[in-house]
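> Below is my_file-v3.txt; it holds compact mmCIF, C-alpha atoms.
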```
# COMPACT_ATOMS: atom_id res chain seq x y z
CA MET A 1 0.00 0.00 0.00
CA ARG A 2 1.34 3.43 -0.88
CA ALA A 3 2.19 5.63 2.07
CA GLU A 4 0.22 8.71 1.04
CA PHE A 5 -2.20 10.93 2.83
CA ILE A 6 -5.49 11.09 0.96
CA ARG A 7 -7.68 14.17 1.30
CA THR A 8 -11.21 12.95 1.84
CA GLY A 9 -14.30 15.02 2.55
CA ASN A 10 -13.54 14.92 6.28
CA VAL A 11 -10.04 16.31 5.69
CA SER A 12 -11.45 19.15 3.59
CA ARG A 13 -13.95 20.02 6.32
CA TYR A 14 -11.19 19.94 8.96
CA LEU A 15 -8.94 22.25 6.92
CA ALA A 16 -11.83 24.57 6.14
CA ALA A 17 -12.60 24.88 9.84
CA ILE A 18 -9.00 25.83 10.65
CA ALA A 19 -8.93 28.32 7.79
CA ALA A 20 -12.23 29.85 8.89
CA LEU A 21 -10.70 30.77 12.26
CA LYS A 22 -8.77 33.53 10.50
CA THR A 23 -12.00 35.32 9.60
CA ARG A 24 -13.90 34.65 12.81
CA GLY A 25 -15.93 37.52 14.25
CA ALA A 26 -15.15 37.05 17.96
CA ALA A 27 -11.41 37.09 18.73
CA GLU A 28 -11.79 34.60 21.59
CA ALA A 29 -13.67 31.99 19.57
CA CYS A 30 -10.60 29.84 18.93
CA LEU A 31 -11.85 26.38 19.70
CA VAL A 32 -12.43 23.79 16.98
CA VAL A 33 -14.25 20.64 18.06
CA VAL A 34 -13.75 17.56 15.88
CA ASP A 35 -15.91 14.57 16.68
CA GLY A 36 -17.38 11.47 15.10
CA THR A 37 -17.70 7.75 15.69
CA PRO A 38 -14.50 5.68 16.04
CA GLY A 39 -12.68 4.53 12.91
CA LEU A 40 -13.32 7.58 10.73
CA GLY A 41 -9.75 8.85 10.78
CA LYS A 42 -9.95 11.74 13.27
CA THR A 43 -6.64 10.96 14.97
CA GLU A 44 -4.84 10.32 11.69
CA VAL A 45 -6.01 13.66 10.29
CA ALA A 46 -5.13 15.55 13.48
CA GLN A 47 -1.66 13.97 13.60
CA TRP A 48 -1.08 14.68 9.90
CA TRP A 49 -2.09 18.33 10.31
CA ALA A 50 0.07 18.80 13.42
CA THR A 51 3.06 17.19 11.64
CA GLN A 52 2.69 19.27 8.49
CA ASN A 53 2.26 22.55 10.38
CA GLY A 54 4.51 22.24 13.41
CA ALA A 55 1.48 22.41 15.70
CA LEU A 56 1.48 20.87 19.16
CA TYR A 57 -0.23 17.51 19.63
CA LEU A 58 -1.28 16.28 23.07
CA ARG A 59 -3.32 13.26 24.01
CA ALA A 60 -5.71 13.57 26.96
CA LYS A 61 -5.67 10.77 29.48
CA VAL A 62 -7.91 9.52 32.26
CA GLY A 63 -7.47 11.82 35.25
CA TRP A 64 -5.74 14.51 33.16
CA ARG A 65 -6.10 17.35 35.60
CA PRO A 66 -5.05 20.97 34.91
CA THR A 67 -1.62 20.69 36.54
CA TRP A 68 -0.84 17.53 34.58
CA ILE A 69 -2.10 19.23 31.38
CA LEU A 70 0.27 22.14 31.97
CA ARG A 71 3.21 19.81 32.63
CA ASP A 72 2.53 17.91 29.40
CA LEU A 73 2.15 21.16 27.46
CA LEU A 74 5.40 22.55 28.89
CA ALA A 75 7.17 19.26 28.11
CA GLU A 76 6.14 19.66 24.46
CA LEU A 77 7.45 23.23 24.56
CA GLN A 78 10.71 22.05 26.17
CA VAL A 79 10.18 24.29 29.20
CA PRO A 80 11.11 22.82 32.61
CA PRO A 81 7.89 23.11 34.60
CA ALA A 82 7.75 25.18 37.77
CA ARG A 83 6.08 23.87 40.89
CA SER A 84 3.02 26.08 41.14
CA HIS A 85 0.06 25.99 38.78
CA GLU A 86 0.10 29.78 38.43
CA THR A 87 3.76 29.86 37.44
CA MET A 88 3.33 26.98 35.00
CA PHE A 89 0.40 28.80 33.43
CA ASN A 90 2.53 31.92 32.96
CA GLN A 91 5.33 29.74 31.56
CA ALA A 92 2.88 28.36 28.98
CA LEU A 93 1.67 31.87 28.11
CA ALA A 94 5.26 32.92 27.53
CA ALA A 95 6.32 29.84 25.52
CA LEU A 96 3.32 29.31 23.24
CA PRO A 97 3.75 32.52 21.20
CA ALA A 98 7.38 31.59 20.47
CA ALA A 99 6.26 28.18 19.20
CA ALA A 100 3.57 29.84 17.10
CA GLU A 101 6.08 32.26 15.63
CA LYS A 102 8.45 29.41 14.75
CA ALA A 103 5.67 27.52 12.99
CA ALA A 104 4.64 30.66 11.14
CA ASN A 105 8.24 31.29 10.02
CA GLU A 106 8.27 27.79 8.56
CA GLY A 107 5.00 28.43 6.75
CA GLY A 108 2.81 26.41 9.12
CA GLU A 109 -0.48 27.11 10.86
CA PHE A 110 0.02 26.82 14.61
CA GLY A 111 -2.45 25.39 17.04
CA VAL A 112 -2.69 22.92 19.89
CA VAL A 113 -4.44 19.62 19.19
CA ILE A 114 -5.93 17.84 22.18
CA ASP A 115 -6.83 14.29 21.07
CA GLU A 116 -8.99 11.87 23.08
CA VAL A 117 -10.62 14.92 24.66
CA ASP A 118 -13.44 12.65 25.85
CA HIS A 119 -11.30 11.95 28.93
CA ILE A 120 -11.69 15.54 30.12
CA VAL A 121 -14.91 16.73 28.55
CA GLY A 122 -16.70 16.41 31.89
CA ASP A 123 -13.95 18.22 33.80
CA ARG A 124 -14.85 21.93 34.02
CA LYS A 125 -11.46 22.96 35.41
CA ALA A 126 -9.51 21.21 32.65
CA LEU A 127 -11.72 22.76 29.97
CA GLU A 128 -11.47 26.21 31.57
CA LEU A 129 -7.68 25.93 31.53
CA LEU A 130 -7.72 25.25 27.79
CA ARG A 131 -10.17 28.13 27.31
CA ASP A 132 -7.91 30.47 29.29
CA LEU A 133 -4.86 29.63 27.20
CA SER A 134 -6.81 29.86 23.96
CA ASP A 135 -8.57 33.10 25.02
CA PHE A 136 -5.50 34.99 26.08
CA LEU A 137 -3.24 34.03 23.21
CA GLU A 138 -6.08 33.77 20.66
CA LEU A 139 -4.49 30.53 19.47
CA PRO A 140 -6.54 27.70 17.97
CA PHE A 141 -7.12 24.73 20.23
CA ILE A 142 -8.45 21.74 18.30
CA LEU A 143 -10.35 19.33 20.52
CA VAL A 144 -10.70 15.85 18.99
CA GLY A 145 -12.98 13.22 20.44
CA MET A 146 -15.78 10.76 19.87
CA ASP A 147 -19.30 11.45 18.81
CA ARG A 148 -20.79 12.99 21.95
CA VAL A 149 -18.12 15.57 22.64
CA ARG A 150 -20.08 18.52 21.33
CA GLY A 151 -23.17 17.57 23.28
CA ARG A 152 -21.19 17.22 26.51
CA LEU A 153 -19.43 20.54 25.94
CA ALA A 154 -22.82 22.25 25.70
CA ARG A 155 -23.08 21.80 29.51
CA PHE A 156 -20.39 24.47 29.82
CA PRO A 157 -21.69 27.57 28.03
CA GLN A 158 -18.43 29.46 28.56
CA ILE A 159 -16.63 26.75 26.57
CA ALA A 160 -19.35 26.08 24.03
CA SER A 161 -19.46 29.78 23.14
CA ARG A 162 -15.76 29.65 22.23
CA VAL A 163 -16.29 26.89 19.69
CA ALA A 164 -15.94 28.74 16.42
CA GLN A 165 -16.05 25.69 14.25
CA PRO A 166 -17.53 22.27 14.92
CA VAL A 167 -16.36 19.54 12.54
CA GLU A 168 -18.28 16.31 12.47
CA PHE A 169 -16.39 13.46 10.85
CA LEU A 170 -18.73 11.41 8.69
CA PRO A 171 -18.37 7.94 7.19
CA ALA A 172 -16.37 8.00 3.96
CA SER A 173 -18.53 8.58 0.91
CA ALA A 174 -18.35 6.43 -2.21
CA ASP A 175 -16.12 9.09 -3.78
CA ASP A 176 -13.88 9.09 -0.71
CA VAL A 177 -13.49 5.31 -0.88
CA ALA A 178 -12.70 5.51 -4.58
CA ALA A 179 -10.07 8.17 -3.86
CA LEU A 180 -8.55 6.04 -1.09
CA VAL A 181 -8.35 3.00 -3.37
CA ALA A 182 -6.90 5.04 -6.26
CA GLY A 183 -4.36 6.74 -4.00
CA LEU A 184 -3.26 3.83 -1.84
CA CYS A 185 -3.80 0.56 -3.68
CA GLU A 186 -0.89 -0.62 -5.78
CA VAL A 187 -2.98 -2.93 -7.97
CA PRO A 188 -5.85 -1.89 -10.29
CA VAL A 189 -9.31 -2.38 -8.76
CA ALA A 190 -12.63 -2.58 -10.60
CA ASP A 191 -15.50 -0.22 -9.73
CA CYS A 192 -17.74 -3.14 -8.72
CA LEU A 193 -15.28 -4.13 -5.99
CA ILE A 194 -14.87 -0.51 -4.83
CA ARG A 195 -18.66 -0.21 -4.42
CA HIS A 196 -18.75 -3.47 -2.48
CA LEU A 197 -15.87 -2.25 -0.31
CA HIS A 198 -17.72 1.00 0.45
CA ALA A 199 -20.82 -0.90 1.54
CA ALA A 200 -18.95 -3.52 3.59
CA SER A 201 -16.80 -0.95 5.41
CA LYS A 202 -19.76 1.36 6.17
CA GLY A 203 -17.39 4.19 5.32
CA ARG A 204 -14.96 3.50 8.17
CA VAL A 205 -11.48 4.45 6.98
CA ARG A 206 -9.75 1.89 9.18
CA GLU A 207 -11.70 -0.91 7.53
CA VAL A 208 -11.22 0.54 4.05
CA LYS A 209 -7.45 0.48 4.50
CA GLU A 210 -7.55 -3.07 5.81
CA ALA A 211 -9.52 -4.08 2.73
CA ILE A 212 -7.09 -2.30 0.41
CA ALA A 213 -4.26 -4.36 1.91
CA ALA A 214 -6.29 -7.55 1.32
CA ILE A 215 -7.07 -6.56 -2.27
CA GLU A 216 -3.39 -5.83 -2.91
CA ARG A 217 -2.28 -9.21 -1.60
CA PHE A 218 -4.87 -10.89 -3.85
CA GLY A 219 -3.93 -8.73 -6.83
CA ARG A 220 -0.23 -9.62 -6.53
CA ARG A 221 -1.06 -13.30 -6.70
CA ASN A 222 -3.61 -12.79 -9.53
CA PRO A 223 -2.34 -10.16 -12.02
CA GLY A 224 -4.85 -7.91 -13.74
CA THR A 225 -7.67 -5.71 -12.48
CA VAL A 226 -9.13 -7.16 -9.31
CA THR A 227 -12.90 -7.56 -9.63
CA LEU A 228 -15.72 -8.44 -7.26
CA ALA A 229 -16.21 -11.78 -8.95
CA ALA A 230 -12.53 -12.66 -8.80
CA MET A 231 -12.37 -12.03 -5.05
CA ASP A 232 -15.60 -13.84 -4.23
CA GLY A 233 -15.20 -15.69 -0.92
CA GLN A 234 -11.90 -13.99 -0.04
CA PRO A 235 -11.47 -12.21 3.33
CA LEU A 236 -11.76 -8.46 2.86
CA MET A 237 -11.68 -7.00 6.39
CA THR A 238 -12.43 -7.85 9.99
CA ASP A 239 -15.83 -7.22 11.55
CA ARG A 240 -14.97 -4.96 14.49
CA ALA A 241 -17.96 -6.15 16.48
CA THR A 242 -17.29 -9.89 16.25
CA GLY A 243 -13.63 -10.07 15.25
CA LYS A 244 -14.59 -12.43 12.42
CA PRO A 245 -13.48 -11.88 8.81
CA ILE A 246 -15.91 -10.22 6.39
CA LEU A 247 -15.74 -12.11 3.10
CA VAL A 248 -16.32 -10.71 -0.37
CA ARG A 249 -19.74 -11.72 -1.67
CA ALA A 250 -20.14 -11.28 -5.43
CA MET S 1 29.97 45.35 18.85
CA ALA S 2 27.75 42.41 17.96
CA ARG S 3 25.50 42.60 14.93
CA GLY S 4 22.18 44.24 15.81
CA GLU S 5 23.60 46.31 18.66
CA GLY S 6 23.78 50.11 18.82
CA ALA S 7 26.26 52.06 20.93
CA ASP S 8 23.93 51.85 23.97
CA GLY S 9 23.04 48.18 23.55
CA PRO S 10 20.48 46.28 21.44
CA ALA S 11 18.71 48.53 18.94
CA GLY S 12 14.93 49.03 18.89
CA ASN S 13 12.57 50.35 21.55
CA ALA S 14 9.75 48.03 22.51
CA THR S 15 7.21 50.86 22.30
CA ARG S 16 4.18 48.59 22.51
CA GLN S 17 5.42 46.70 25.56
CA THR S 18 6.33 50.03 27.16
CA ALA S 19 2.79 51.33 26.54
CA VAL S 20 1.14 48.20 27.96
CA LEU S 21 3.45 48.20 30.99
CA ALA S 22 2.70 51.90 31.64
CA ALA S 23 -1.05 51.22 31.41
CA LEU S 24 -0.80 48.31 33.86
CA ALA S 25 1.35 50.32 36.26
CA ALA S 26 -1.02 53.32 36.12
CA ALA S 27 -4.02 51.12 36.84
CA GLY S 28 -2.43 49.66 39.97
CA ALA S 29 -4.69 46.63 39.58
CA CYS S 30 -5.08 43.83 37.11
CA LEU S 31 -6.54 44.74 33.72
CA THR S 32 -8.29 42.53 31.20
CA LEU S 33 -7.47 42.67 27.50
CA ASP S 34 -10.67 44.64 26.90
CA GLU S 35 -9.65 47.19 29.55
CA LEU S 36 -6.17 47.46 28.03
CA ALA S 37 -7.77 48.00 24.62
CA LEU S 38 -9.83 50.90 26.04
CA ARG S 39 -6.72 52.52 27.51
CA LEU S 40 -4.62 51.94 24.37
CA PRO S 41 -7.05 52.36 21.46
CA ASP S 42 -4.27 52.85 18.91
CA LEU S 43 -2.85 49.37 19.45
CA PRO S 44 -4.41 46.44 17.58
CA ARG S 45 -5.63 43.63 19.82
CA ALA S 46 -3.02 41.21 18.43
CA ALA S 47 -0.32 43.70 19.39
CA LEU S 48 -1.71 43.91 22.95
CA VAL S 49 -1.61 40.12 23.19
CA ALA S 50 1.96 39.93 21.91
CA ALA S 51 3.12 42.79 24.15
CA ALA S 52 1.56 41.26 27.25
CA ALA S 53 3.15 37.90 26.43
CA GLY S 54 6.51 39.61 26.03
CA LEU S 55 6.16 41.35 29.40
CA ILE S 56 5.27 38.06 31.08
CA ARG S 57 8.26 36.38 29.39
CA ALA S 58 10.56 39.14 30.69
CA GLY S 59 9.08 38.92 34.17
CA HIS S 60 7.61 42.46 34.21
CA ALA S 61 3.96 41.32 34.35
CA VAL S 62 1.91 38.35 35.50
CA ARG S 63 -1.50 36.92 34.83
CA ARG S 64 -2.96 37.36 38.30
CA GLU S 65 -6.32 35.71 37.76
CA ARG S 66 -8.32 34.46 34.80
CA GLY S 67 -8.04 37.01 31.99
CA CYS S 68 -6.45 39.68 34.20
CA TYR S 69 -2.92 41.00 34.03
CA GLU S 70 -0.91 43.21 36.31
CA THR S 71 2.58 44.44 37.01
CA PRO S 72 4.25 44.72 40.40
CA LEU S 73 5.94 47.97 39.25
CA ASP S 74 4.61 51.43 40.05
CA THR S 75 4.29 54.04 37.30
CA GLU S 76 7.65 55.65 38.02
CA ALA S 77 9.51 52.35 37.96
CA ALA S 78 7.64 51.20 34.85
CA LEU S 79 8.51 54.37 32.92
CA ALA S 80 12.14 54.18 34.07
CA LEU S 81 12.46 50.67 32.66
CA ARG S 82 13.90 50.80 29.16
CA LEU S 83 12.30 47.94 27.28
CA THR S 84 14.01 47.05 24.07
CA SER S 85 13.13 44.94 21.12
CA GLY S 86 15.61 43.12 18.93
CA PRO S 87 18.32 40.63 19.96
CA LYS S 88 18.90 40.25 23.68
CA GLY S 89 22.51 39.26 23.20
CA PRO S 90 25.25 38.89 20.62
CA VAL S 91 23.98 37.70 17.28
CA GLY S 92 26.71 35.46 15.97
CA LEU S 93 26.84 33.35 12.90
CA ARG S 94 24.82 30.17 13.28
CA ARG S 95 25.17 27.16 11.08
CA LYS S 96 22.02 26.74 9.04
CA SER S 97 20.25 23.53 9.92
CA ARG S 98 20.76 20.90 7.29
CA THR S 99 17.82 18.81 8.45
CA GLY S 100 15.67 19.95 5.56
CA GLY S 101 11.89 20.15 5.68
CA LEU S 102 11.18 16.41 5.34
CA ARG S 103 13.39 15.31 8.22
CA ALA S 104 11.93 18.02 10.47
CA ARG S 105 8.46 16.70 9.67
CA LEU S 106 9.57 13.08 10.13
CA TRP S 107 10.95 13.89 13.57
CA ARG S 108 7.73 15.73 14.41
CA ALA S 109 5.69 12.71 13.32
CA MET S 110 7.83 10.39 15.45
CA ARG S 111 7.29 12.61 18.48
CA ILE S 112 3.54 12.63 17.89
CA LYS S 113 3.09 8.94 17.13
CA LYS S 114 5.67 7.49 19.56
CA LYS S 115 5.37 4.02 17.88
CA PHE S 116 5.27 3.73 14.10
CA ALA S 117 6.20 1.94 10.91
CA LEU S 118 8.06 3.75 8.13
CA ALA S 119 4.83 3.99 6.14
CA ASP S 120 3.09 5.75 9.05
CA LEU S 121 5.80 8.42 9.09
CA LEU S 122 5.68 8.89 5.32
CA THR S 123 1.89 9.26 5.33
CA ALA S 124 2.05 11.98 7.99
CA ALA S 125 5.19 13.79 6.92
CA THR S 126 5.40 13.87 3.13
CA ASN S 127 3.80 16.50 0.94
CA GLY S 128 4.36 14.94 -2.48
CA ARG S 129 7.21 17.30 -3.41
CA GLU S 130 10.07 15.18 -2.09
CA LYS S 131 12.48 13.44 -4.46
CA ASP S 132 12.95 10.12 -2.67
CA ALA S 133 10.95 10.37 0.53
CA ALA S 134 11.08 6.67 1.38
CA GLY S 135 14.84 6.43 0.87
CA ASN S 136 15.48 9.65 2.79
CA ALA S 137 13.22 8.57 5.65
CA GLY S 138 14.75 5.10 5.84
CA HIS S 139 18.26 6.56 6.04
CA TYR S 140 17.17 8.97 8.77
CA LEU S 141 15.44 6.23 10.76
CA ARG S 142 18.56 4.03 10.63
CA ALA S 143 20.73 6.91 11.83
CA LEU S 144 18.35 7.60 14.72
CA ALA S 145 18.31 3.89 15.61
CA ALA S 146 22.12 3.72 15.55
CA ALA S 147 22.26 6.68 17.95
CA GLY S 148 19.68 5.12 20.27
CA HIS S 149 16.88 7.66 19.78
CA VAL S 150 14.69 5.00 18.19
CA VAL S 151 14.47 1.24 18.82
CA GLU S 152 13.05 -1.47 16.66
CA LEU S 153 9.96 -3.29 17.94
CA ARG S 154 8.69 -6.69 16.91
CA ARG S 155 7.35 -6.84 13.39
CA ALA S 156 3.58 -6.45 13.00
CA LYS S 157 1.54 -8.70 10.76
CA GLY S 158 -1.91 -7.67 9.53
CA PRO S 159 -4.92 -9.83 10.44
CA HIS S 160 -4.95 -11.66 7.13
CA ALA S 161 -1.27 -11.65 6.35
CA PRO S 162 0.01 -14.85 4.74
CA PRO S 163 1.76 -17.26 7.15
CA THR S 164 5.04 -16.69 5.32
CA SER S 165 4.91 -12.90 5.81
CA ASN S 166 7.51 -11.47 8.16
CA GLY S 167 5.32 -8.47 8.92
CA VAL S 168 6.19 -4.81 8.91
CA LYS S 169 9.14 -3.30 10.80
CA ARG S 170 8.00 -0.99 13.58
CA TYR S 171 9.89 1.43 15.78
CA ALA S 172 9.45 3.32 19.05
CA LEU S 173 10.86 6.74 19.86
CA VAL S 174 12.62 6.12 23.17
CA ARG S 175 14.70 9.28 23.38
CA ASP S 176 12.50 12.30 22.66
CA THR S 177 14.97 15.09 23.32
CA GLY S 178 12.90 17.96 21.95
CA PRO S 179 11.31 19.61 18.94
CA ALA S 180 14.46 20.23 16.92
CA ALA S 181 15.15 17.35 14.53
CA PRO S 182 18.54 15.65 15.04
CA VAL S 183 20.90 16.13 12.12
CA VAL S 184 22.84 13.38 10.34
CA ARG S 185 26.43 14.51 9.84
CA PRO S 186 29.45 12.69 8.41
CA ASP S 187 30.80 12.18 11.94
CA GLY S 188 27.53 11.02 13.48
CA LEU S 189 24.13 12.28 14.63
CA TYR S 190 24.02 15.77 16.12
CA ASP S 191 21.11 16.50 18.46
CA PRO S 192 20.54 20.26 18.71
CA ASN S 193 18.13 19.77 21.62
CA THR S 194 20.94 18.53 23.86
CA ASP S 195 23.90 19.90 21.85
CA THR S 196 25.24 16.34 21.72
CA LEU S 197 27.00 14.46 18.97
CA HIS S 198 26.39 10.71 18.85
CA PRO S 199 29.46 9.46 16.95
CA ARG S 200 28.97 7.18 14.00
CA ARG S 201 29.93 3.67 15.07
CA GLU S 202 32.72 2.10 13.06
CA THR S 203 31.72 -1.28 11.64
CA THR S 204 34.44 -3.88 11.61
CA ALA S 205 34.69 -6.40 8.84
```
Taking this structure as input, can you express it in the form of structure tokens?


Amino acid sequence: MRAEFIRTGNVSRYLAAIAALKTRGAAEACLVVVDGTPGLGKTEVAQWWATQNGALYLRAKVGWRPTWILRDLLAELQVPPARSHETMFNQALAALPAAAEKAANEGGEFGVVIDEVDHIVGDRKALELLRDLSDFLELPFILVGMDRVRGRLARFPQIASRVAQPVEFLPASADDVAALVAGLCEVPVADCLIRHLHAASKGRVREVKEAIAAIERFGRRNPGTVTLAAMDGQPLMTDRATGKPILVRA
Amino acid sequence: MARGEGADGPAGNATRQTAVLAALAAAGACLTLDELALRLPDLPRAALVAAAAGLIRAGHAVRRERGCYETPLDTEAALALRLTSGPKGPVGLRRKSRTGGLRARLWRAMRIKKKFALADLLTAATNGREKDAAGNAGHYLRALAAAGHVVELRRAKGPHAPPTSNGVKRYALVRDTGPAAPVVRPDGLYDPNTDTLHPRRETTA
């Protein structure tokens, strides 16, 4: 499988949300919330964007309280953390603009990605800390989590009002799946098999990539365009609910 | 005299920081950004943010409570402080980093992912404009492994991989020294985060 990043509809919506921050009306509305069911590629997109732009990427954890958040943030910024929360906060305020300037000098868009934000979405103090940092420095904070993040954030109006751009990740469309196959698969694949793959995967990118690997292995053993009929009965992907293989059915 | 310095020291007056510091000192209490904006209407909001961050960095102001900033200095002391912009010390010649854009992004991807295969790094770090991304990345990964920044994990096989498949090589970043990408040099791997050279190991026949 080719190691390329394919821009699907979800990626376009993510990038559009980041770009729209530049023209936002309220200066403090710097939060982007990215959510959707598991397997749609949220983490991969967030990591790709952070890598390409020199943005910070942090992963929330169970029990990730404000002091721990600040220590992790300062570790990413290579700043030895002080002992008090107040001093660490001021350290972060001082260090984040320098990181943003460095990213800007290299042509990147700076921001702070907080992945797995579900771990802290019920913690008012943790969310207020992120709001404070984002408010003061007017830097984008991109909160990435599973499908109920936005609903749970609505319990905190001060946070919800800062969300300039919500981005809901949706299952890959038929066009997205076709683009993924064209971009990643190293053997030619017939449209009939691509349509079957789209239906079997239910648009989940993880499953689509697993199927592409299966189609490639089959295609290397059987030269020519791989069709639905040719792969009939072959394992295509794993059913995430049961762990059993999903076979191609022509 | 170092480059960038005038006869009295570093050139450039930090006029915006001076204005924000004077406003904070005159208030004698913490001010929000909105209150600063009212007192300094000629300064754009972004400039207020940058100036306040600079004052905090220099230790002349603190964020006392949520959204509120103050200085411990009184007006006289604040106005007597000569804040300067520009270099804070000698600006000498610095060797330009030879990491190149791709290796900087590869290092960034390794720091984000922690555990990865080569393909994972290429997917995250390439932008389609590189000449031989896979070759370049493989060379870099081997240099990092030789220096001990990265270790090889057991190979991973996909769920339906043939029994004869060896699986895919995977690595873990075990020495994350910082955001600056280590540089491969003829004499070894130089890590700018720690200012350390990891000498190239001689292989014996």

> Using all atoms listed in the file, I'd like every residue of chain A that has an atom within 7 Å of chain S; please write them out as a list in words.

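Within 7 Å of chain S on chain A, we get Ala3, Glu4, Phe5, Gln47, Trp48, Thr51, Gln52, Tyr57, Gln78, Asn90, Leu93, Ala94, Asp132, Phe136 and Leu137 of chain A.
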
> With distances taken over only C-alpha atoms, which of A:Ala60, A:Phe156, A:Ala50, A:Pro166 is nearest to A:Ile114?

A:Ala60

> Which neighbours of A:Thr43 fall inside 9 Å, counting only C-alpha atoms, when residues of the same chain fewer than 3 positions from it are skipped, and could you give them as a ChimeraX atom specification?

/A:40,46-48,115-116,144-145

> Only C-alpha atoms, please: the residues just picked out, written as a short mmCIF file (atom, residue, chain, number, x, y, z; two decimals), keeping the file's coordinate frame.


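Output file result03.cif follows:
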```cif
data_model
loop_
_atom_site.label_atom_id
_atom_site.label_comp_id
_atom_site.auth_asym_id
_atom_site.auth_seq_id
_atom_site.Cartn_x
_atom_site.Cartn_y
_atom_site.Cartn_z
CA LEU A 40 -13.32 7.58 10.73
CA ALA A 46 -5.13 15.55 13.48
CA GLN A 47 -1.66 13.97 13.60
CA TRP A 48 -1.08 14.68 9.90
CA ASP A 115 -6.83 14.29 21.07
CA GLU A 116 -8.99 11.87 23.08
CA VAL A 144 -10.70 15.85 18.99
CA GLY A 145 -12.98 13.22 20.44
#
```

> To one decimal in Å, tell me the separation between atom CA of A:Ala164 and atom CA of A:Val32.

6.1 Å

> How big is the axis-aligned box, and where does its centre sit, when it encloses all atoms of stretch 188-204 of chain A listed in the file and has 4 Å added on every side, reported in Å to one decimal as lines of an AutoDock Vina configuration file?


```
center_x = -13.3
center_y = 0.0
center_z = -1.2
size_x = 23.0
size_y = 16.3
size_z = 26.8
```

> Suppose you want the space between atom CA of A:Arg220 and atom CA of A:Asp175; what is it in Å?

24.7 Å

> Here is a test: counting all atoms listed in the file, which residue of S:Leu24, S:Val184, S:Pro44, S:Asp191 is nearest to S:Glu76?

S:Leu24

> Could you check how far atom CA of A:Ala178 sits from atom CA of A:Ile194, in Å to one decimal?

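Here the two named atoms are 6.4 Å from each other.
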
> At a cut-off of 10 Å around the point (29.2, 8.5, 8.6) (file coordinates), what residues fall inside when counting all atoms listed in the file? I'd like the answer as a list in words.

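All residues meeting the 10 Å criterion around (29.2, 8.5, 8.6) are Ala143, Val184, Arg185, Pro186, Asp187, Gly188, Leu189, Pro199, Arg200, Arg201 and Glu202 of chain S.
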